[in-house]
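Asker: Take a look at data-v9.cif, mmCIF, C-alpha atoms:
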data_work
loop_
_atom_site.label_atom_id
_atom_site.label_comp_id
_atom_site.auth_asym_id
_atom_site.auth_seq_id
_atom_site.Cartn_x
_atom_site.Cartn_y
_atom_site.Cartn_z
CA MET X 1 6.55 -5.74 17.01
CA ASP X 2 10.17 -6.79 16.70
CA LYS X 3 13.38 -5.48 15.12
CA TRP X 4 12.37 -6.99 11.75
CA ASP X 5 9.17 -4.95 11.72
CA GLY X 6 11.28 -1.82 12.23
CA ARG X 7 13.67 -2.77 9.44
CA PHE X 8 10.87 -3.54 7.00
CA MET X 9 9.01 -0.35 7.92
CA GLU X 10 12.15 1.70 7.17
CA LEU X 11 12.38 0.02 3.77
CA THR X 12 8.68 0.67 3.16
CA GLU X 13 9.21 4.38 3.75
CA GLN X 14 12.16 4.38 1.33
CA VAL X 15 10.05 2.68 -1.36
CA GLY X 16 7.29 5.23 -0.73
CA SER X 17 9.73 8.06 -1.50
CA TRP X 18 9.70 6.85 -5.13
CA ALA X 19 5.97 7.62 -5.51
CA SER X 20 4.87 9.71 -8.48
CA CYS X 21 1.92 11.20 -6.58
CA LEU X 22 1.80 14.85 -5.54
CA ARG X 23 -0.59 14.37 -2.59
CA ARG X 24 0.81 11.42 -0.70
CA LYS X 25 3.91 9.23 -0.80
CA VAL X 26 2.91 5.64 -0.02
CA GLY X 27 5.13 2.58 -0.03
CA ALA X 28 4.36 -1.11 0.45
CA ILE X 29 6.48 -4.22 0.65
CA ILE X 30 5.39 -7.83 0.88
CA VAL X 31 7.56 -10.03 3.07
CA ARG X 32 7.59 -13.77 3.65
CA ASP X 33 10.07 -15.61 5.87
CA LYS X 34 11.99 -12.34 6.45
CA ARG X 35 12.53 -11.95 2.68
CA VAL X 36 11.18 -9.11 0.55
CA MET X 37 8.98 -10.70 -2.12
CA ALA X 38 7.63 -7.55 -3.83
CA THR X 39 7.58 -3.77 -3.51
CA GLY X 40 5.13 -1.12 -4.60
CA TYR X 41 4.59 2.61 -4.41
CA ASN X 42 1.68 4.75 -5.52
CA GLY X 43 2.12 5.85 -9.09
CA ALA X 44 0.73 5.89 -12.59
CA PRO X 45 0.59 2.61 -14.54
CA ALA X 46 3.34 1.90 -17.07
CA GLY X 47 3.06 4.20 -20.07
CA ILE X 48 0.75 6.68 -18.32
CA VAL X 49 2.02 10.17 -17.52
CA SER X 50 2.13 10.64 -13.73
CA CYS X 51 0.91 13.60 -11.71
CA VAL X 52 4.50 14.56 -10.94
CA GLU X 53 5.24 14.68 -14.69
CA ARG X 54 1.98 16.54 -15.37
CA GLY X 55 2.74 18.99 -12.59
CA LYS X 56 -0.81 18.72 -11.25
CA CYS X 57 -3.06 16.37 -9.32
CA LEU X 58 -6.38 15.34 -10.86
CA ARG X 59 -7.87 14.80 -7.39
CA THR X 60 -6.81 18.23 -6.11
CA GLU X 61 -8.12 19.91 -9.27
CA ASN X 62 -11.52 18.29 -8.68
CA ASN X 63 -11.60 18.87 -4.90
CA ILE X 64 -11.89 15.14 -4.16
CA PRO X 65 -11.44 14.49 -0.42
CA SER X 66 -9.01 11.87 0.85
CA GLY X 67 -10.57 8.45 1.31
CA THR X 68 -13.20 8.94 -1.42
CA ARG X 69 -13.51 8.28 -5.17
CA ALA X 70 -10.20 6.39 -5.43
CA GLU X 71 -10.96 5.58 -9.07
CA ILE X 72 -10.46 9.23 -10.05
CA CYS X 73 -6.67 9.21 -9.90
CA TYR X 74 -3.86 8.40 -12.30
CA ALA X 75 -2.03 6.37 -9.65
CA ALA X 76 -2.45 2.77 -8.61
CA HIS X 77 -2.01 2.32 -4.86
CA ALA X 78 1.25 1.01 -3.41
CA GLU X 79 -0.40 -2.17 -2.12
CA GLN X 80 -1.94 -2.84 -5.54
CA ASN X 81 1.40 -2.33 -7.26
CA ALA X 82 3.17 -4.71 -4.87
CA ILE X 83 0.54 -7.44 -5.40
CA ILE X 84 0.61 -6.88 -9.17
CA GLN X 85 4.42 -7.08 -9.20
CA ALA X 86 4.29 -10.41 -7.36
CA ALA X 87 1.70 -11.76 -9.81
CA LYS X 88 3.59 -10.49 -12.86
CA TYR X 89 6.79 -12.25 -11.81
CA GLY X 90 5.17 -15.39 -10.36
CA VAL X 91 6.16 -14.70 -6.75
CA GLU X 92 4.22 -16.58 -4.07
CA ILE X 93 2.80 -14.18 -1.45
CA GLU X 94 0.16 -16.32 0.28
CA GLY X 95 0.70 -16.20 4.05
CA ALA X 96 2.94 -13.14 3.76
CA THR X 97 3.02 -9.86 5.69
CA LEU X 98 2.37 -6.58 3.89
CA TYR X 99 4.09 -3.52 5.34
CA CYS X 100 2.64 -0.18 4.27
CA THR X 101 3.29 3.43 5.16
CA HIS X 102 -0.49 4.02 5.38
CA GLN X 103 -3.51 1.95 6.40
CA PRO X 104 -4.90 0.27 3.26
CA CYS X 105 -8.14 1.51 1.72
CA VAL X 106 -11.06 -0.86 1.17
CA ILE X 107 -10.10 -1.60 -2.46
CA CYS X 108 -6.59 -2.59 -1.39
CA ALA X 109 -7.97 -4.51 1.60
CA LYS X 110 -10.02 -6.69 -0.76
CA MET X 111 -6.94 -7.41 -2.89
CA ILE X 112 -4.80 -8.15 0.19
CA ILE X 113 -7.41 -10.56 1.54
CA ASN X 114 -7.82 -12.35 -1.81
CA ALA X 115 -4.04 -12.59 -2.28
CA GLY X 116 -3.88 -14.60 0.97
CA ILE X 117 -1.75 -12.06 2.84
CA LYS X 118 -2.24 -12.84 6.53
CA ARG X 119 -0.77 -9.79 8.28
CA VAL X 120 -0.72 -6.06 7.56
CA VAL X 121 1.53 -3.59 9.40
CA TYR X 122 0.99 0.12 8.72
CA LYS X 123 2.28 3.39 10.16
CA GLU X 124 -0.18 6.18 9.27
CA GLY X 125 -3.96 6.03 9.53
CA TYR X 126 -6.37 6.49 6.62
CA PRO X 127 -10.06 7.47 6.75
CA ASP X 128 -11.50 4.09 5.77
CA GLU X 129 -13.12 2.12 8.59
CA PHE X 130 -14.73 -0.34 6.17
CA SER X 131 -11.30 -1.71 5.22
CA MET X 132 -10.62 -2.47 8.89
CA GLN X 133 -14.01 -4.20 9.18
CA LEU X 134 -13.19 -6.43 6.17
CA PHE X 135 -9.77 -7.32 7.58
CA GLY X 136 -11.47 -8.32 10.83
CA GLU X 137 -14.07 -10.48 9.10
CA ALA X 138 -11.37 -12.16 6.98
CA GLY X 139 -9.13 -12.86 9.99
CA THR X 140 -6.28 -10.76 8.61
CA ALA X 141 -4.07 -9.48 11.43
CA VAL X 142 -3.66 -5.70 11.24
CA GLU X 143 -1.16 -3.82 13.41
CA LYS X 144 -0.34 -0.13 13.65
CA TYR X 145 3.42 0.34 13.80
CA GLU X 146 4.55 2.62 16.63
#
Could you take the file, read its structure, and then write that structure out as structure tokens?
Answerer:
Amino acid sequence: MDKWDGRFMELTEQVGSWASCLRRKVGAIIVRDKRVMATGYNGAPAGIVSCVERGKCLRTENNIPSGTRAEICYAAHAEQNAIIQAAKYGVEIEGATLYCTHQPCVICAKMIINAGIKRVVYKEGYPDEFSMQLFGEAGTAVEKYE
């Protein structure tokens, strides 16, 4: 880890503060050649009312434990939103590093691998060992930020 990792992790946490999720604030940024290429935070898709606006969490209401049933949620994950933003605006992210406040889940891991992102740096753990297995098989470098 170097000073740039620290700088990008600080920015990732700031982006995460914008999340429209009541349970967890997650931020992600995609960086290539020390330049921010895309950002994302967990939140409802455009035109969909978020949990913050609704004043309630669908997952909490249904007693869905963390790390399970990710499809039952109004929010798209921060990593997904960053990758989607890059695609929407035609930004090249192959070979990039993705910084994230939390370890990516398996759904995000698959997207990160297919997007050609070569390194993931995260701060907080997440209960999804399968994502780490896929990163290992794909040769994606994954580092926990201390």
Asker: List, as a VMD selection string, every residue that the PyMOL selection byres ((chain X and resi 112) around 10) selects in the file provided.
Answerer: chain X and resid 79 to 80 83 93 to 94 96 to 98 104 106 to 111 113 to 120 135 140
Asker: Can you work out the spacing between CA of Leu58 (chain X) and CA of Met132 (chain X) in Å, to one decimal?
Answerer: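 Pair CA of Leu58 (chain X) / CA of Met132 (chain X) returns 26.9 Å.
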Asker: Which residue gives the smallest distance to Cys105 (chain X) among X:Thr68, X:Ser50, X:Ser17, X:Ser131, with all atoms listed in the file counted?
Answerer: X:Ser131
Asker: If we count only C-alpha atoms and set the cut-off at 6 Å, which residues sit around region 33-48 of chain X, ignoring sequence neighbours fewer than 5 positions away in its own chain? Please answer as a list in words.
Answerer: Gly16, Ala19, Ser20, Cys21, Val26, Gly27, Ala28, Tyr74, Ala75, Ala76, His77, Ala78, Asn81, Ala82 and Ala86 of chain X
Asker: Apply the PyMOL selection byres ((chain X and resi 145) around 8) to the structure shown and report the selected residues as a compact mmCIF listing (two decimals) with C-alpha atoms, keeping the file's coordinate frame.
Answerer:
# COMPACT_ATOMS: atom_id res chain seq x y z
CA MET X 1 6.55 -5.74 17.01
CA VAL X 121 1.53 -3.59 9.40
CA TYR X 122 0.99 0.12 8.72
CA LYS X 123 2.28 3.39 10.16
CA GLU X 143 -1.16 -3.82 13.41
CA LYS X 144 -0.34 -0.13 13.65
CA GLU X 146 4.55 2.62 16.63
Asker: Can you tell me how far CA of Lys25 (chain X) sits from CA of His102 (chain X), in Å to one decimal?
Answerer: 9.2 Å
Asker: Let me know the centre plus edge lengths, in Å and rounded to one decimal, of a box with edges along x, y and z that contains all listed atoms of region 134-142 of chain X and is padded by 6 Å on every side, as lines of an AutoDock Vina configuration file.
Answerer:
center_x = -8.9
center_y = -9.3
center_z = 8.8
size_x = 22.4
size_y = 19.2
size_z = 17.3
Asker: So how many Å separate CA of Val15 (chain X) and CA of Thr60 (chain X), to one decimal?
Answerer: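 Answer for the CA of Val15 (chain X) to CA of Thr60 (chain X) separation: 23.4 Å.
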Asker: Run the PyMOL selection byres ((chain X and resi 12) around 8) mentally over the shown coordinates, then write out the matched residues as a count of residues only, using the chain letters and numbers from the document.
Answerer: 14
Asker: Which residue, X:Pro127, X:Glu137, X:Gln85, X:Asp5, has the smallest gap to Ser66 (chain X) when you use all atoms listed in the file?
Answerer: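 Under the stated criterion, the closest residue is X:Pro127.
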Asker: When distances are computed from all atoms listed in the file, which of X:Arg69, X:Lys88, X:Arg32, X:Arg7 shows the smallest separation from Asp128 (chain X)?
Answerer: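 Smallest separation from Asp128 (chain X) among the options: X:Arg69.
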